[in-house]
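S.K.: My structure is below; once you've seen it, I'll send some questions.
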Amino acid sequence: MFRYGAFALLLAFECVIHLSRGTEVTVKDKDDKLCLYANLSVNFSVSYMASENKSALAQFELPAEVTSNGSRCDNASSTLKLNFGAGHSWTVNFSVSGNAYRADSVTFSYNLSDATVFPKSASTDTLSVTVRPHITDVSMGTCYSCKSQETIRSDSVNQTLWNVLIQAFVSNGTQSENLTTCAADLPSTPTASPTTVAPVTNSTVAPTTAPAPTLPTPTVGNFSVKPDDNGTACLLANLGLRIGVKQGEYQEMNLDPNVTRASGSCGVNSSELVLESNAMTVVLTFTNDTKKFRLQAVNVTAKLSSGVTFSEANGSLSLWEAAVGSSYMCNKEQNDSITGRLNIFTFNLQVQPFAVKKGLFSTAEDCQTDSESFLLVPVAVGVALLVLIVIVLVAYFIGRKRNMASGYESF
């Protein structure tokens, strides 16, 4: 996080002096001391049904004037609740894990009876969506800073966050000057300029790079997401997973399913699978266009062997595509490049994020690699038949030529 000296020095003052023109909130504890600080901008895009069964889209932003009734903070958890407009609220729950904290969930409640925001709405209900933001591994005693945009998608609602500055656990009532910066804001690793090296006399030994140790094939885990504890699975995923990350030196890590907790959410058009272990957290977001589904976003946070926390994401992917109502399967190893610093490798993959029936996988659509292997058999048979036909024709013409020669000799 703090690899770049000048960059970190510049950001060190942001938590105190860099205030965006967004929404700024302070929460105090029972002793009237500052215990939570937030300054952020949020845009909402909500799809709803208007009169005459017409679909409508409401787009609005979190206003500067909000109330924080319902916010609280203690040593292990804290809640930021922002109330605004005619019955709308935006709530973030934070928790501490060791020497770091994270945002566990974001709940957005919106009142469809507010005609200024939802004109001609066919419903007057207050609805809520709960999603998980990508705010993880924030060092205690620091502010989380992210100027870049992060869009959190859910069924009917998109939430876009930017210019985020949050300290969910303020110590001794004093706001920190130190930052934990999101990966999207970090400068890319500078590429070394090529250098010319003069040839060395009487030396023929070329420098070599030791190969990275080969990891064993990751164990296949069987993961599922249920709408509630007693419900039937609405998302299924079986896979062995490995990540390859480039932060300094390239390294790979296997996900151990035996110590991994699966969670997530299921929606009509968007579903999410969260795989969380002590070593890494992998968030896979699937979307569909009613005909086909695909893996659209991958967010990975990992603790590297060097002790550094790695974080990388891409929200504009189109991987693992299959028809809605079926599952996607790829038995062979797949290597998908997520960003220039992140690759994911999957083994014996089968996933179905939508239209799961009775908790079982539907008919699978095979990946291109598997399909090509299945095509080898008919292609091989066709080639064999062609060769056989050529042999028969050659034998026929040779035999015919010999018969004609025998006829000439008989005269």
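The way I read the labels, and the way they are meant: chains A, B, ... in the order of the structure tokens, residue 1 as the first residue of every chain, and ligand 1 as the first ligand shown, with later ones counted on from there.
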Could you pull the residues within 12 Å of Thr287 in chain A, counting only C-alpha atoms, minus those fewer than 4 positions along the same chain, as an MDAnalysis selection string?

M.R.: chainID A and resid 153:156 265:273 291:298 315:324 352:354

S.K.: Do you have, as a Markdown table, the list of residues of range 45-119 of chain A lying at most 12 Å from range 171-189 of chain A, each with its nearest atom pair and that distance in Å to one decimal, counting only C-alpha atoms and ordered by chain then number?

M.R.:
```
| residue | atom | partner | partner_atom | distance |
| --- | --- | --- | --- | --- |
| A:Cys73 | CA | A:Ser171 | CA | 11.1 |
| A:Asp74 | CA | A:Ser171 | CA | 10.4 |
| A:Asn75 | CA | A:Ser171 | CA | 9.4 |
| A:Ala100 | CA | A:Thr180 | CA | 10.2 |
| A:Tyr101 | CA | A:Thr180 | CA | 10.8 |
| A:Arg102 | CA | A:Thr180 | CA | 11.3 |
```

S.K.: Just want the 12 Å neighbourhood of Lys81 in chain A, counted on only C-alpha atoms, with same-chain residues fewer than 3 positions away dropped. Output as a list of chain:residue names.

M.R.: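 Skipping anything fewer than 3 positions along the chain leaves A:Val25, A:Thr26, A:Val27, A:Leu36, A:Tyr37, A:Ala38, A:Val66, A:Thr67, A:Ser68, A:Asn69, A:Gly70, A:Ser71, A:Arg72, A:Cys73, A:Ser78, A:Phe84, A:His88, A:Ser89, A:Trp90, A:Thr91, A:Val92, A:Asn93, A:Phe94, A:Ser105, A:Val106, A:Thr107, A:Phe108, A:Ser109, A:Ala168.
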
S.K.: Output as a PyMOL selection string all residues of range 204-394 of chain A that backbone DSSP marks as strand (DSSP E or B).

M.R.: chain A and resi 221-225+235-247+249-254+261-265+270-276+280-288+292-303+309-314+319-324+326-330+334-339+342-352+357+360+364-366

S.K.: Mind giving me the straight-line distance from CA of Thr23 in chain A to CA of Gly141 in chain A in Å, one decimal?

M.R.: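 A separation of 21.8 Å between them.
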
S.K.: What separation in Å, quoted to one decimal, exists between CA of Val245 in chain A and CA of Phe223 in chain A?

M.R.: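 The value is 23.3 Å.
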
S.K.: Set the distance at 10 Å and use only C-alpha atoms: which residues neighbour range 110-121 of chain A once local chain neighbours fewer than 6 positions away are removed? I'd like the list as a PyMOL selection string.

M.R.: chain A and resi 46-60+84-90+127-129

S.K.: Would you mind reading off the distance between CA of Asn343 in chain A and CA of Leu236 in chain A, one decimal, in Å?

M.R.: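 Between these atoms lies a distance of 22.1 Å.
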
S.K.: Find the spatial neighbours of Thr260 in chain A, counting only C-alpha atoms, within a cut-off of 12 Å - ignore same-chain residues fewer than 4 positions away - and output them as a VMD selection string.

M.R.: chain A and resid 219 to 224 240 to 241 254 to 256 274 to 282

S.K.: If you keep N, CA, C and O atoms, can you produce a file of those selected residues as a PDB file, in the first residue's frame?

M.R.:
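Written out: result.pdb:
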```
ATOM      1  N   THR A 219      -7.455 -28.238  -4.803  1.00  0.00           N
ATOM      2  CA  THR A 219      -8.584 -29.120  -4.491  1.00  0.00           C
ATOM      3  C   THR A 219      -9.890 -28.503  -4.962  1.00  0.00           C
ATOM      4  O   THR A 219     -10.107 -27.300  -4.803  1.00  0.00           O
ATOM      5  N   VAL A 220     -10.738 -29.327  -5.553  1.00  0.00           N
ATOM      6  CA  VAL A 220     -12.034 -28.840  -6.030  1.00  0.00           C
ATOM      7  C   VAL A 220     -12.982 -28.673  -4.842  1.00  0.00           C
ATOM      8  O   VAL A 220     -13.166 -29.597  -4.042  1.00  0.00           O
ATOM      9  N   GLY A 221     -13.560 -27.502  -4.724  1.00  0.00           N
ATOM     10  CA  GLY A 221     -14.538 -27.243  -3.672  1.00  0.00           C
ATOM     11  C   GLY A 221     -15.943 -27.168  -4.228  1.00  0.00           C
ATOM     12  O   GLY A 221     -16.142 -26.784  -5.389  1.00  0.00           O
ATOM     13  N   ASN A 222     -16.910 -27.554  -3.436  1.00  0.00           N
ATOM     14  CA  ASN A 222     -18.326 -27.477  -3.813  1.00  0.00           C
ATOM     15  C   ASN A 222     -18.972 -26.358  -3.006  1.00  0.00           C
ATOM     16  O   ASN A 222     -19.142 -26.467  -1.793  1.00  0.00           O
ATOM     17  N   PHE A 223     -19.317 -25.262  -3.681  1.00  0.00           N
ATOM     18  CA  PHE A 223     -19.814 -24.072  -3.007  1.00  0.00           C
ATOM     19  C   PHE A 223     -21.251 -23.784  -3.443  1.00  0.00           C
ATOM     20  O   PHE A 223     -21.653 -24.099  -4.566  1.00  0.00           O
ATOM     21  N   SER A 224     -22.011 -23.175  -2.553  1.00  0.00           N
ATOM     22  CA  SER A 224     -23.389 -22.808  -2.882  1.00  0.00           C
ATOM     23  C   SER A 224     -23.793 -21.580  -2.092  1.00  0.00           C
ATOM     24  O   SER A 224     -23.207 -21.264  -1.055  1.00  0.00           O
ATOM     25  N   GLY A 240     -11.818 -25.920  -8.636  1.00  0.00           N
ATOM     26  CA  GLY A 240     -10.535 -25.699  -7.994  1.00  0.00           C
ATOM     27  C   GLY A 240     -10.035 -24.351  -8.463  1.00  0.00           C
ATOM     28  O   GLY A 240     -10.102 -24.056  -9.659  1.00  0.00           O
ATOM     29  N   LEU A 241      -9.535 -23.520  -7.550  1.00  0.00           N
ATOM     30  CA  LEU A 241      -9.199 -22.135  -7.902  1.00  0.00           C
ATOM     31  C   LEU A 241      -7.781 -21.787  -7.471  1.00  0.00           C
ATOM     32  O   LEU A 241      -7.360 -22.090  -6.353  1.00  0.00           O
ATOM     33  N   ASN A 254      -3.153 -21.107  -4.128  1.00  0.00           N
ATOM     34  CA  ASN A 254      -4.337 -21.955  -4.270  1.00  0.00           C
ATOM     35  C   ASN A 254      -5.370 -21.613  -3.206  1.00  0.00           C
ATOM     36  O   ASN A 254      -5.014 -21.318  -2.058  1.00  0.00           O
ATOM     37  N   LEU A 255      -6.636 -21.659  -3.586  1.00  0.00           N
ATOM     38  CA  LEU A 255      -7.722 -21.514  -2.610  1.00  0.00           C
ATOM     39  C   LEU A 255      -7.985 -22.878  -1.985  1.00  0.00           C
ATOM     40  O   LEU A 255      -8.241 -23.856  -2.707  1.00  0.00           O
ATOM     41  N   ASP A 256      -7.925 -22.942  -0.672  1.00  0.00           N
ATOM     42  CA  ASP A 256      -8.186 -24.189   0.045  1.00  0.00           C
ATOM     43  C   ASP A 256      -9.672 -24.246   0.426  1.00  0.00           C
ATOM     44  O   ASP A 256     -10.106 -23.507   1.307  1.00  0.00           O
ATOM     45  N   VAL A 274     -19.107 -15.086  -3.026  1.00  0.00           N
ATOM     46  CA  VAL A 274     -17.965 -14.607  -2.255  1.00  0.00           C
ATOM     47  C   VAL A 274     -17.292 -15.809  -1.603  1.00  0.00           C
ATOM     48  O   VAL A 274     -17.917 -16.548  -0.847  1.00  0.00           O
ATOM     49  N   LEU A 275     -16.008 -16.028  -1.922  1.00  0.00           N
ATOM     50  CA  LEU A 275     -15.215 -17.115  -1.343  1.00  0.00           C
ATOM     51  C   LEU A 275     -14.154 -16.485  -0.461  1.00  0.00           C
ATOM     52  O   LEU A 275     -13.292 -15.753  -0.938  1.00  0.00           O
ATOM     53  N   GLU A 276     -14.223 -16.786   0.829  1.00  0.00           N
ATOM     54  CA  GLU A 276     -13.373 -16.090   1.797  1.00  0.00           C
ATOM     55  C   GLU A 276     -12.621 -17.091   2.669  1.00  0.00           C
ATOM     56  O   GLU A 276     -13.219 -17.939   3.323  1.00  0.00           O
ATOM     57  N   SER A 277     -11.296 -17.007   2.640  1.00  0.00           N
ATOM     58  CA  SER A 277     -10.439 -17.798   3.515  1.00  0.00           C
ATOM     59  C   SER A 277      -9.502 -16.850   4.255  1.00  0.00           C
ATOM     60  O   SER A 277      -9.555 -15.641   4.072  1.00  0.00           O
ATOM     61  N   ASN A 278      -8.611 -17.418   5.085  1.00  0.00           N
ATOM     62  CA  ASN A 278      -7.670 -16.562   5.795  1.00  0.00           C
ATOM     63  C   ASN A 278      -6.662 -15.929   4.845  1.00  0.00           C
ATOM     64  O   ASN A 278      -6.114 -14.869   5.125  1.00  0.00           O
ATOM     65  N   ALA A 279      -6.416 -16.594   3.696  1.00  0.00           N
ATOM     66  CA  ALA A 279      -5.391 -16.116   2.773  1.00  0.00           C
ATOM     67  C   ALA A 279      -5.927 -15.172   1.713  1.00  0.00           C
ATOM     68  O   ALA A 279      -5.198 -14.317   1.207  1.00  0.00           O
ATOM     69  N   MET A 280      -7.199 -15.323   1.330  1.00  0.00           N
ATOM     70  CA  MET A 280      -7.723 -14.505   0.237  1.00  0.00           C
ATOM     71  C   MET A 280      -9.232 -14.392   0.301  1.00  0.00           C
ATOM     72  O   MET A 280      -9.909 -15.217   0.931  1.00  0.00           O
ATOM     73  N   THR A 281      -9.751 -13.366  -0.365  1.00  0.00           N
ATOM     74  CA  THR A 281     -11.189 -13.203  -0.586  1.00  0.00           C
ATOM     75  C   THR A 281     -11.404 -12.985  -2.075  1.00  0.00           C
ATOM     76  O   THR A 281     -10.799 -12.087  -2.666  1.00  0.00           O
ATOM     77  N   VAL A 282     -12.246 -13.829  -2.672  1.00  0.00           N
ATOM     78  CA  VAL A 282     -12.528 -13.758  -4.096  1.00  0.00           C
ATOM     79  C   VAL A 282     -14.017 -13.490  -4.279  1.00  0.00           C
ATOM     80  O   VAL A 282     -14.851 -14.253  -3.758  1.00  0.00           O
TER      81      VAL A 282
END
```

S.K.: Taking into account only C-alpha atoms, which residue in the set A:Leu342, A:Asp228, A:Arg261, A:Leu165 is nearest to Arg242 in chain A?

M.R.: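 Of A:Leu342, A:Asp228, A:Arg261, A:Leu165, the one nearest Arg242 in chain A is A:Leu342, counting only C-alpha atoms.
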
S.K.: Just the helix (DSSP H, G or I) stuff from range 170-401 of chain A, please, per backbone DSSP, written as a PyMOL selection string.

M.R.: chain A and resi 183-185+257-259+368-401

S.K.: For the contact check between range 259-348 of chain A and range 134-139 of chain A, emit one row per residue of range 259-348 of chain A within 10 Å, containing the shortest atom pair and the distance in Å rounded to one decimal, counting only C-alpha atoms, chain then rising number order, as a Markdown table.

M.R.:
```
| residue | atom | partner | partner_atom | distance |
| --- | --- | --- | --- | --- |
| A:Thr281 | CA | A:Thr136 | CA | 9.0 |
| A:Val283 | CA | A:His134 | CA | 8.6 |
| A:Asn299 | CA | A:His134 | CA | 7.5 |
| A:Val300 | CA | A:His134 | CA | 9.0 |
| A:Thr301 | CA | A:Thr136 | CA | 7.6 |
| A:Ala302 | CA | A:Asp137 | CA | 9.3 |
| A:Lys303 | CA | A:Asp137 | CA | 9.3 |
| A:Thr309 | CA | A:Asp137 | CA | 7.6 |
| A:Phe310 | CA | A:Asp137 | CA | 9.6 |
| A:Ser311 | CA | A:Thr136 | CA | 8.9 |
| A:Glu312 | CA | A:His134 | CA | 9.9 |
| A:Ala313 | CA | A:His134 | CA | 9.1 |
```
